[in-house]
Amino acid sequence: MLAIKNAKIVLENGISEGKALLISDKVEGIVEENEIPEGVEVIDCKGGYVTPGFIDLHIHGYLGKDVCDANVDSIKTIAGGLVENGVTGFLPTTMTVDMSVINGALDACREVKNSGEYYGSTILGVHAEGPFISASKKGAQDERFILKPDADFVKANADIIKIITLAPEEDECFAEIKRMAEETDVVVSMGHTSANYETAMESTKNGVKHATHLFNAMTPMTHRAPGVVGAALNSNVSCELIVDTYHVDPALYEMVYRMKGRKLCFITDCLPAGGLPEGEYTLGGAKIIYKNNLCKLEDGTIAGSVLKLNKGVWNVFTNTSIPLWECVNCATLNPATAIGVADRKGSIEVGKDADIVVLDDEFNVKKTIIGGVVRYEA
């Protein structure tokens with residue numbers, strides 16, 4: 001058992017100070033510091049924060065490795081690097097590439113997830129971003145490999161896919177979306193889509209439950225054409241938000257939070273360049289130029305980020321009046337809820353997995369604990 005003391009413990013609805021957190025492989029409880037059992041290993045947070053482990057629903061790579069490398073060692077490297085950012089669970093994210101590569105990436109993620117033989121962030125499933133998207137909103141995706149929505153593909157891989165991003169307007173009468181929603185537990189997300197408001201809203205009545213990187217690669221909201229953005233904000237879907245201050249202006253953070261509340265999920269959309277110096281890298285075979293904190297294709301299209309999720313939480317907290325615990329929820333409890341794992345992850349509650357992060361007063365990660373085991377120490 002571990003005891004974590006001298007900490008500001010970030011809970012679902014507030015911050016607890018002056019007490020100690022007790023954990024084994026599960027959260028055991030919060031007690032007065034003078035009630036820490038004898039013989040227990042004690043971690044002194046020195047007045048810093050303790051939060052639940054962060055969960056990234058959308059990340060393509062890290063430390064030079066790409067999920068679409070379709071390689072077991074690449075997945076292990078990504079998982080191993082993410083613990084430095086306090087990420088204790090993540091969805092390796094594929095993109096619109098040749099279907100043989102996507103299947104290879106799914107197999108690699110499946111193998112690593114099921115083996116348990118890696119010492120990094122827990123793979124909670126895969127986010128398949130495409131290939132069922134709109135060519136007009138492809139962003140950094142490769143138009144050559146775009147396909148029509150296919151429920152059979154999702155069903156065949158429902159053991160590993162947690163989220164599937166697609167363009168609902170590409171599915172006539174939402175027939176495939178309905179099958180995905182009714183015949184699997186996969187979360188259907190609208191993204192990389194040119195749908196109008198009416199189509200997007202109708203899709204939410206036929207199985208769409210999530211929106212991929214809100215504002216980016218979707219029809220915008222205007223006063224006469226609310227678009228996919230308007231539908232996402234005006235429906236009950238959960239919404240991803242890239243909080244690197246580049247993809248979405250920080251002035252919108254608080255507005256979106258006030259509209260979506262516990263349905264808002266912070267993501268990184270991080271690329272293989274994450275954790276590395278500026279330079280030239282690849283994403284799904286395409287050349288990426290990483291300069292001035294931005295990643296772009298050669299034609300200037302913004303292509304994901306190099307954001308660390310702990311810093312994303314801090315970006316929102318320092319640019320808004322949103323309470324810190326709600327900022328943390330957006331990177332822990334809310335994503336856990338979106339993919340159906342909030343019964344065991346996402347908040348510091350007795351009986352939940354002891355996935356815990358220790359941070360300083362500027363949200364730099366000092367320790368990452370997964371299942372009660374320290375996996376990273378600064």
# chains A, B, ... in the order shown; residues from 1 in each chain; ligands from 1

call {"tool": "residues_around", "arguments": {"residues": "Lys367 (chain A)", "least_positions_apart": "5", "cutoff": "12 Å", "atoms": "only C-alpha atoms", "output": "list in words"}}
result
Ile4, Ile43, Asp44, Cys45, Gly48, Tyr49, Val50, Thr51, Pro52, Gly53, Val83, Glu84, Asn85, Gly86, Val87, Thr88, Asp355, Ile356, Val357, Val358, Leu359, Asp360, Gly372, Val373, Val374, Arg375, Tyr376, Glu377 and Ala378 of chain A

call {"tool": "residues_around", "arguments": {"residues": "Gly230 (chain A)", "least_positions_apart": "3", "cutoff": "7 Å", "atoms": "only C-alpha atoms", "output": "ChimeraX atom specification"}}
result
/A:197,221,226-227,233-234

call {"tool": "atom_distance", "arguments": {"atom1": "CA of Met190 (chain A)", "atom2": "CA of Ala108 (chain A)"}}
result
25.2 Å

call {"tool": "select_by_dssp", "arguments": {"residues": "region 189-331 of chain A", "states": "helix (DSSP H, G or I)", "output": "VMD selection string"}}
result
chain A and resid 197 to 204 227 to 233 250 to 263 309 to 319 324 to 329

call {"tool": "write_last_selection", "arguments": {"atoms": "N, CA and C atoms", "output": "CSV table (one decimal), in the first residue's frame"}}
result
chain,number,residue,atom,x,y,z
A,197,TYR,N,-26.2,21.0,-40.7
A,197,TYR,CA,-26.7,20.9,-39.3
A,197,TYR,C,-27.8,19.8,-39.2
A,198,GLU,N,-28.7,19.8,-40.2
A,198,GLU,CA,-29.9,18.9,-40.2
A,198,GLU,C,-29.4,17.5,-40.2
A,199,THR,N,-28.4,17.2,-41.1
A,199,THR,CA,-27.9,15.8,-41.3
A,199,THR,C,-27.2,15.4,-40.0
A,200,ALA,N,-26.4,16.3,-39.5
A,200,ALA,CA,-25.6,16.0,-38.3
A,200,ALA,C,-26.6,15.7,-37.1
A,201,MET,N,-27.6,16.5,-36.9
A,201,MET,CA,-28.6,16.3,-35.9
A,201,MET,C,-29.3,15.0,-36.0
A,202,GLU,N,-29.7,14.7,-37.3
A,202,GLU,CA,-30.4,13.4,-37.5
A,202,GLU,C,-29.5,12.2,-37.2
A,203,SER,N,-28.2,12.4,-37.5
A,203,SER,CA,-27.3,11.3,-37.2
A,203,SER,C,-27.2,11.0,-35.7
A,204,THR,N,-27.3,12.0,-34.9
A,204,THR,CA,-27.3,11.8,-33.4
A,204,THR,C,-28.5,11.1,-32.9
A,227,GLY,N,-24.3,24.1,-38.9
A,227,GLY,CA,-23.3,23.1,-39.2
A,227,GLY,C,-23.1,22.0,-38.2
A,228,VAL,N,-22.0,21.2,-38.4
A,228,VAL,CA,-21.8,20.1,-37.5
A,228,VAL,C,-21.4,20.7,-36.1
A,229,VAL,N,-20.7,21.8,-36.1
A,229,VAL,CA,-20.3,22.4,-34.8
A,229,VAL,C,-21.6,22.8,-34.0
A,230,GLY,N,-22.6,23.4,-34.7
A,230,GLY,CA,-23.8,23.7,-34.0
A,230,GLY,C,-24.6,22.5,-33.5
A,231,ALA,N,-24.6,21.4,-34.3
A,231,ALA,CA,-25.2,20.1,-33.9
A,231,ALA,C,-24.5,19.5,-32.7
A,232,ALA,N,-23.2,19.6,-32.7
A,232,ALA,CA,-22.5,19.0,-31.6
A,232,ALA,C,-22.8,19.7,-30.3
A,233,LEU,N,-22.9,21.0,-30.4
A,233,LEU,CA,-23.1,21.9,-29.2
A,233,LEU,C,-24.6,21.8,-28.8
A,250,PRO,N,-8.3,29.9,-27.3
A,250,PRO,CA,-8.7,29.8,-25.9
A,250,PRO,C,-9.9,30.5,-25.5
A,251,ALA,N,-10.3,31.6,-26.3
A,251,ALA,CA,-11.5,32.3,-25.9
A,251,ALA,C,-12.7,31.5,-26.0
A,252,LEU,N,-12.7,30.4,-26.7
A,252,LEU,CA,-13.8,29.5,-26.9
A,252,LEU,C,-13.9,28.4,-25.8
A,253,TYR,N,-12.8,28.2,-25.1
A,253,TYR,CA,-12.8,27.1,-24.1
A,253,TYR,C,-14.0,27.1,-23.1
A,254,GLU,N,-14.1,28.3,-22.5
A,254,GLU,CA,-15.1,28.4,-21.5
A,254,GLU,C,-16.6,28.3,-22.1
A,255,MET,N,-16.8,28.9,-23.2
A,255,MET,CA,-18.1,28.8,-23.9
A,255,MET,C,-18.4,27.4,-24.1
A,256,VAL,N,-17.5,26.6,-24.7
A,256,VAL,CA,-17.8,25.2,-25.0
A,256,VAL,C,-18.0,24.4,-23.7
A,257,TYR,N,-17.2,24.7,-22.7
A,257,TYR,CA,-17.5,24.0,-21.4
A,257,TYR,C,-18.8,24.3,-20.8
A,258,ARG,N,-19.3,25.5,-20.9
A,258,ARG,CA,-20.6,25.9,-20.3
A,258,ARG,C,-21.7,25.2,-21.1
A,259,MET,N,-21.5,24.9,-22.4
A,259,MET,CA,-22.5,24.3,-23.2
A,259,MET,C,-22.5,22.7,-23.0
A,260,LYS,N,-21.3,22.2,-22.9
A,260,LYS,CA,-21.2,20.7,-22.9
A,260,LYS,C,-20.9,20.1,-21.5
A,261,GLY,N,-20.4,20.9,-20.6
A,261,GLY,CA,-20.2,20.4,-19.2
A,261,GLY,C,-19.4,19.1,-19.2
A,262,ARG,N,-20.0,18.1,-18.5
A,262,ARG,CA,-19.3,16.8,-18.3
A,262,ARG,C,-19.2,15.9,-19.6
A,263,LYS,N,-19.7,16.5,-20.7
A,263,LYS,CA,-19.6,15.9,-22.0
A,263,LYS,C,-18.3,16.3,-22.8
A,309,LEU,N,-0.9,16.1,-22.5
A,309,LEU,CA,-2.3,16.3,-22.0
A,309,LEU,C,-2.3,17.0,-20.7
A,310,ASN,N,-1.2,16.8,-19.8
A,310,ASN,CA,-1.2,17.6,-18.6
A,310,ASN,C,-1.1,19.1,-18.8
A,311,LYS,N,-0.4,19.5,-19.9
A,311,LYS,CA,-0.3,20.9,-20.2
A,311,LYS,C,-1.5,21.4,-20.9
A,312,GLY,N,-2.3,20.5,-21.6
A,312,GLY,CA,-3.6,20.9,-22.1
A,312,GLY,C,-4.5,21.3,-21.0
A,313,VAL,N,-4.6,20.5,-19.9
A,313,VAL,CA,-5.4,20.8,-18.8
A,313,VAL,C,-5.0,22.2,-18.2
A,314,TRP,N,-3.8,22.4,-18.1
A,314,TRP,CA,-3.3,23.7,-17.5
A,314,TRP,C,-3.6,24.8,-18.5
A,315,ASN,N,-3.5,24.6,-19.8
A,315,ASN,CA,-3.9,25.7,-20.8
A,315,ASN,C,-5.3,26.2,-20.5
A,316,VAL,N,-6.2,25.2,-20.3
A,316,VAL,CA,-7.6,25.6,-20.1
A,316,VAL,C,-7.7,26.3,-18.7
A,317,PHE,N,-7.1,25.8,-17.7
A,317,PHE,CA,-7.3,26.3,-16.4
A,317,PHE,C,-6.7,27.8,-16.3
A,318,THR,N,-5.6,28.0,-17.0
A,318,THR,CA,-5.0,29.4,-16.9
A,318,THR,C,-5.6,30.3,-17.9
A,319,ASN,N,-6.5,29.9,-18.8
A,319,ASN,CA,-7.1,30.8,-19.8
A,319,ASN,C,-8.6,31.0,-19.5
A,324,LEU,N,-10.4,24.1,-11.4
A,324,LEU,CA,-9.4,23.1,-11.8
A,324,LEU,C,-10.0,21.7,-11.8
A,325,TRP,N,-10.8,21.3,-10.9
A,325,TRP,CA,-11.3,20.0,-10.9
A,325,TRP,C,-12.1,19.7,-12.1
A,326,GLU,N,-12.8,20.7,-12.6
A,326,GLU,CA,-13.6,20.4,-13.9
A,326,GLU,C,-12.7,20.3,-15.1
A,327,CYS,N,-11.6,21.1,-15.1
A,327,CYS,CA,-10.6,21.0,-16.1
A,327,CYS,C,-10.0,19.6,-16.1
A,328,VAL,N,-9.7,19.1,-14.9
A,328,VAL,CA,-9.2,17.7,-14.7
A,328,VAL,C,-10.2,16.7,-15.2
A,329,ASN,N,-11.5,16.9,-14.8
A,329,ASN,CA,-12.5,15.9,-15.3
A,329,ASN,C,-12.5,15.8,-16.8

call {"tool": "closest_atom_pairs", "arguments": {"of": "region 32-142 of chain A", "to": "region 291-308 of chain A", "cutoff": "9 Å", "atoms": "only C-alpha atoms", "output": "CSV"}}
result
residue,atom,partner,partner_atom,distance
A:Ile59,CA,A:Gly304,CA,8.8
A:His60,CA,A:Gly304,CA,8.4
A:Tyr62,CA,A:Val306,CA,8.3
A:Leu82,CA,A:Lys308,CA,8.3
A:Asn85,CA,A:Lys308,CA,5.9
A:Gly86,CA,A:Lys308,CA,8.8
A:Val87,CA,A:Lys308,CA,8.9
A:Gly139,CA,A:Thr301,CA,6.8
A:Ala140,CA,A:Ala303,CA,5.4
A:Gln141,CA,A:Ala303,CA,8.8

call {"tool": "atom_distance", "arguments": {"atom1": "CA of His247 (chain A)", "atom2": "CA of Ala211 (chain A)"}}
result
15.2 Å

call {"tool": "residues_around", "arguments": {"residues": "region 109-113 of chain A", "least_positions_apart": "4", "cutoff": "12 Å", "atoms": "only C-alpha atoms", "output": "VMD selection string"}}
result
chain A and resid 66 to 80 89 to 94 102 to 105 117 to 128 157 to 162

call {"tool": "select_by_dssp", "arguments": {"residues": "region 45-136 of chain A", "states": "strand (DSSP E)", "output": "MDAnalysis selection string"}}
result
chainID A and resid 49:52 54:59 61:62 65:66 87:94 122:123 126:129

call {"tool": "atom_distance", "arguments": {"atom1": "CA of Gly64 (chain A)", "atom2": "CA of Tyr281 (chain A)"}}
result
7.5 Å

call {"tool": "closest_residue", "arguments": {"among": "A:Leu57, A:Met99, A:Ile177, A:Ile289", "to": "Leu241 (chain A)", "atoms": "only C-alpha atoms"}}
result
A:Leu57
